[in-house]
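Enquirer: Input: one structure, supplied below.
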Amino acid sequence: MCTNLRGLETTRAIVVRRFATAACKEMTIPSTIRGGLIVVVVLCSLCKELTAQVSPYPYLSAPQRERGVREFVDAGMVRRAAAELDALFRESRLSAISDVSRFDRSDVLRRSGNRAASDREMDRFLRDRSNSPYVPLAWMERALAAVEDNDPKVAAELFSRCASESRIAIQQRGDTFYVHLAHSALFWEGATRAGMGQHKEALDVFAACISIDTSGQYAAYSYYAMGQIFERNSDLPQSITSFDIVRTKYPESALTVASRIRESVDLIALRKPERALDVLTGIETSLVLPIDDQRTAQIDTEHAEEEIALVRAQAYSLRGRYSEALDSCTSFFQRYPGSTYRWLLHLQAGFAALNLGRPDTARFHYEVIIDSVVDESSTVRQQAQLYHALCLKRLGREQDAMREFSALGSIVGYPYKAQALIEVGQMEYESGDFDKSRKSLERAERESRDAPTSIRAHTLLGATLIELQQWDKAAQAYERAQRIAEEAADEFLPDRQIYLSEIRLKRGICLVQSGQTQPAINALTDFLGNHPNDIHRDEATFWLAESMYRADLLKNAQELYEEVVKRYTASTRREESMYGLAWTYFRRRDFDRSTSMFGELLKTYPSSRYAAEALARRGDGLYISRQFRAAAEQYRLAAEKGPTTEEGQYSAFQSGQASYRAGDLDAAVTHMRRFVQKYPKNRLADDALYLVGWIAFPMVIKLCALFIPLETHNTTSVRSKPRYQHIGA
């Protein structure tokens with residue numbers, strides 16, 4: 001209760017009237033997203049495999065609404081504030097007639113249209129009566145006048161001066177009225193600065209307003225205004241915190257319902273549907289409670305029920321409860337057939353129907369939007385067009401879908417051009433036209449403006465380049481996708497690790513295939529270190545072993561191959577790992593283990609595509625170990641297993657060599673003659689003939705010795721001829 005101030009009732013009424021006028025007319029935070037301006041978060045679908053998959057785009061988030069400060073305060077609140085101040089001054093009337101008359105004179109001048117003279121009167125009062133208890137009120141009077149004159153910059157400075165003088169008065173006079181006045185001046189200063197776009201300064205002023213009186217009339221409004229500023233600057237965690245404070249610390253505030261709706265909308269934008277639903281629990285009760293002395297009428301709730309229904313439908317979709325989402329939308333259409341939000345609900349209904357495998361139902365909802373929303377620049381209509389094409393694809397009408405996607409991808413200024421081009425590229429990929437797919441996806445890369453879409457474009461491009469065997473370019477595409485995924489905000493890429501695991505693995509494989517061994521080792525090691533529970537660890541381990549093998553890090557390669565063979569017994573890479581492990585043993589000159597592993601490979605996978613090579617390598621191992629007879633048998637089997645392969649031909653030759661080394665000359669000759677007959681143009685054919693000749697040579701020498709005739713010792717000069725000549729002599 002004020003005890004020091006006294007004044008004239010008429011003067012105070014004038015001040016309060018001006019105060020109320022300023023509250024309701026000029027102090028506004030600019031509206032940014034009210035009444036249909038949609039914040040769209042277009043994310044690629046959350047699929048386990050990122051290549052060549054059709055995926056619906058996510059829902060639109062709820063309409064982001066930003067109320068100006070003038071809309072914080074309804075007429076009822078202004079009347080209550082005016083009555084409160086009026087009562088304070090009636091109780092405070094005192095003998096300061098000369099001071100009060102200056103306020104009356106200023107008001108008369110202003111009413112007569114002489115605003116400049118009115119302001120000069122207040123300025124003279126502040127200079128003449130600098131010690132008057134009415135100094136803070138004079139600064140407030142001038143600030144309100146500046147608002148009426150549409151001069152927010154001056155108004156903000158005057159409100160700031162009023163707050164400063166009020167703080168001084170609090171220290172000097174200890175009157176609670178000055179606390180209220182400083183609290184009010186700071187709130188309106190914050191509102192004015194926010195209206196000028198000075199958001200950082202406005203946040204500081206609102207914080208000061210709260211600090212000076214946490215239970216003051218404008219404390220809840222300050223938190224709400226701060227929440228809106230944070231929203232406008234995309235700082236959703238901070239905006240949620242501000243709205244939550246209004247909800248929890250000021251439950252009787254006129255902004256409780258509005259804050260709960262705003263908080264739930266921001267939670268949906270951050271993809272936290274469970275918390276959004278919790279915030280909305282029981283909110284309908286707050287809307288129907290009667291207004292009394294303890295309960296303030298709620299502000300900004302004219303469409304609250306519709307907005308709550310919209311947020312709940314979105315939350316159900318985010319949680320994967322698509323049947324509930326669709327039912328919620330259907331109920332909305334029945335209850336609010338003329339709602340301004342019905343087009344957003346049709347988008348929600350279409351999205352839910354798509355995920356329920358009902359593309360025909362989804363198409364109906366999108367066609368309602370396309371037929372009803374005639375504004376070509378409407379974000380709702382533009383998304384409906386994109387979804388409509390997707391429905392056609394799901395319905396098997398691929399030519400129609402391709403035609404619509406292509407048309408959308410060629411519209412100048414269409415905000416979802418990148419998404420349309422991705423769908424075009426994916427359909428071309430699925431049809432096997434990889435070169436066209438590459439061109440479409442490269443265009444999508446250039447058009448993309450958000451992280452999820454860019455990631456999808458890069459990963460699909462990588463898959464296409466793999467099909468074209470352009471391993472180096474594919475690795476670069478995956479590298480770009482990885483960089484974006486690592487830097488994207490969590491709220492817009494909630495399944496970041498799913499994307500990164502896919503990208504890191506495929507990038508590593510592409511690096512292996514392009515011969516970039518060390519980068520491949522780094523990429524695959526990165527995958528294994530960051531994804532300890534990924535189902536593709538066997539794949540990564542195999543390719544890391546391949547990289548180590550190619551880098552001649554044979555001990556590391558051996559350990560990794562052994563891990564796949566022993567740990568991942570059901571892996572599709574186990575056969576190749578056994579083959580690689582056997583080769584690794586071979587290169588490390590551990591021929592016994594190499595022979596054993598090739599044998600295990602053949603036993604485990606008798607129809608293995610490596611069978612001929614495995615038999616040949618077993619033969620090589622035995623040959624090097626000087627087990628020639630056993631080697632000859634393995635070579636023979638290898639030759640029979642792959643008679644038309646290079647390994648088969650090599651083994652056919654080696655079977656003769658091994659037989660020769662084993663001392664089985666007849667078998668050696670047989671194998672070599674068969675080799676020459678079967679592969680006469682093979683580069684080893686001459687060597688095979690040479691060996692046959694070499695084996696036969698000692699026999700020829702013996703035969704020659706038997707048939708060379710004795711020299712005659714008579715005196716005749718004629719030498720007798722041999723009786724027999726060697727064939728071919």
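Please note that chains go A, B, ... in the order of the structure tokens, that every chain numbers its residues from 1, and that ligands are numbered from 1 in the order shown.
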If we count only C-alpha atoms, what is near A:Ala325 at a cut-off of 10 Å, once residues fewer than 6 positions away on the same chain are taken out, given as a count of residues only?
Expert: 17
Enquirer: At a cut-off of 6 Å, using only C-alpha atoms, what residues contact stretch 134-149 of chain A? Leave out same-chain residues fewer than 3 positions from it and give the result as a PyMOL selection string.
Expert: chain A and resi 152+155+158-159+162+165-166
Enquirer: Fewer than 3 positions away in the same chain doesn't count, so skip those; otherwise give me all residues within 10 Å of A:Gly190, counting only C-alpha atoms, as a PDB file with C-alpha atoms, in the first residue's frame.
Expert:
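Output contents, as saved in around_20.pdb:
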ATOM      1  CA  MET A  27       3.767  -1.969 -28.099  1.00  0.00           C
ATOM      2  CA  THR A  28       4.008  -4.880 -30.455  1.00  0.00           C
ATOM      3  CA  ILE A  29       6.412  -7.671 -31.154  1.00  0.00           C
ATOM      4  CA  VAL A  69       2.406  -7.600 -26.932  1.00  0.00           C
ATOM      5  CA  ALA A 156      12.245   2.747 -25.443  1.00  0.00           C
ATOM      6  CA  PHE A 159      10.744   3.773 -20.589  1.00  0.00           C
ATOM      7  CA  SER A 160      14.307   2.905 -19.626  1.00  0.00           C
ATOM      8  CA  SER A 184       5.730  -1.941 -15.857  1.00  0.00           C
ATOM      9  CA  ALA A 185       8.203   0.408 -17.526  1.00  0.00           C
ATOM     10  CA  LEU A 186      10.701  -2.405 -18.088  1.00  0.00           C
ATOM     11  CA  PHE A 187       8.051  -4.646 -19.611  1.00  0.00           C
ATOM     12  CA  ARG A 193      12.617  -2.979 -28.322  1.00  0.00           C
ATOM     13  CA  ALA A 194      11.269  -6.305 -29.526  1.00  0.00           C
ATOM     14  CA  GLY A 195       9.015  -4.370 -31.895  1.00  0.00           C
ATOM     15  CA  MET A 196      12.090  -2.690 -33.353  1.00  0.00           C
ATOM     16  CA  GLN A 198      16.280  -5.462 -30.960  1.00  0.00           C
ATOM     17  CA  HIS A 199      15.794  -8.997 -29.687  1.00  0.00           C
ATOM     18  CA  LYS A 200      18.923  -9.334 -27.591  1.00  0.00           C
ATOM     19  CA  GLU A 201      18.273  -6.038 -25.826  1.00  0.00           C
ATOM     20  CA  ALA A 202      14.609  -6.948 -25.367  1.00  0.00           C
ATOM     21  CA  LEU A 203      15.541 -10.244 -23.699  1.00  0.00           C
ATOM     22  CA  ASP A 204      17.778  -8.410 -21.236  1.00  0.00           C
ATOM     23  CA  VAL A 205      15.037  -5.915 -20.412  1.00  0.00           C
ATOM     24  CA  PHE A 206      12.383  -8.613 -19.936  1.00  0.00           C
ATOM     25  CA  ALA A 207      14.771 -10.440 -17.610  1.00  0.00           C
ATOM     26  CA  ALA A 208      15.208  -7.215 -15.614  1.00  0.00           C
ATOM     27  CA  CYS A 209      11.430  -6.788 -15.476  1.00  0.00           C
ATOM     28  CA  SER A 222       7.738 -11.184 -19.869  1.00  0.00           C
ATOM     29  CA  ALA A 225       7.455 -12.578 -24.683  1.00  0.00           C
ATOM     30  CA  MET A 226      10.917 -14.076 -24.163  1.00  0.00           C
TER      31      MET A 226
END
Enquirer: Using Å and a single decimal, report how far atom CA of A:Glu307 sits from atom CA of A:Val380.
Expert: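 Value for the atom CA of A:Val380-atom CA of A:Glu307 distance: 16.2 Å.
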Enquirer: With distances taken over only C-alpha atoms, which of A:Ala612, A:Ile624, A:Ala485, A:Val374 is nearest to A:Thr644?
Expert: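 For A:Thr644, the nearest of the candidates is A:Ala612.
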Enquirer: If we count only C-alpha atoms and set the cut-off at 12 Å, which residues sit around A:Lys393, ignoring sequence neighbours fewer than 2 positions away in its own chain? Please answer as a list of chain:residue names.
Expert: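 Near A:Lys393, the qualifying residues are A:Val54, A:Ser55, A:Pro56, A:Leu354, A:Pro359, A:Asp360, A:Arg363, A:Leu386, A:Tyr387, A:His388, A:Ala389, A:Leu390, A:Cys391, A:Leu395, A:Gly396, A:Arg397, A:Glu398, A:Gln399, A:Asp400, A:Ala401, A:Met402, A:Arg403, A:Glu404, A:Phe405, A:Glu423, A:Val424, A:Gln426, A:Met427.
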Enquirer: Using only C-alpha atoms, which of A:Ala489, A:Ala662, A:Leu267, A:Ala477 sits nearest A:Gln238?
Expert: A:Leu267
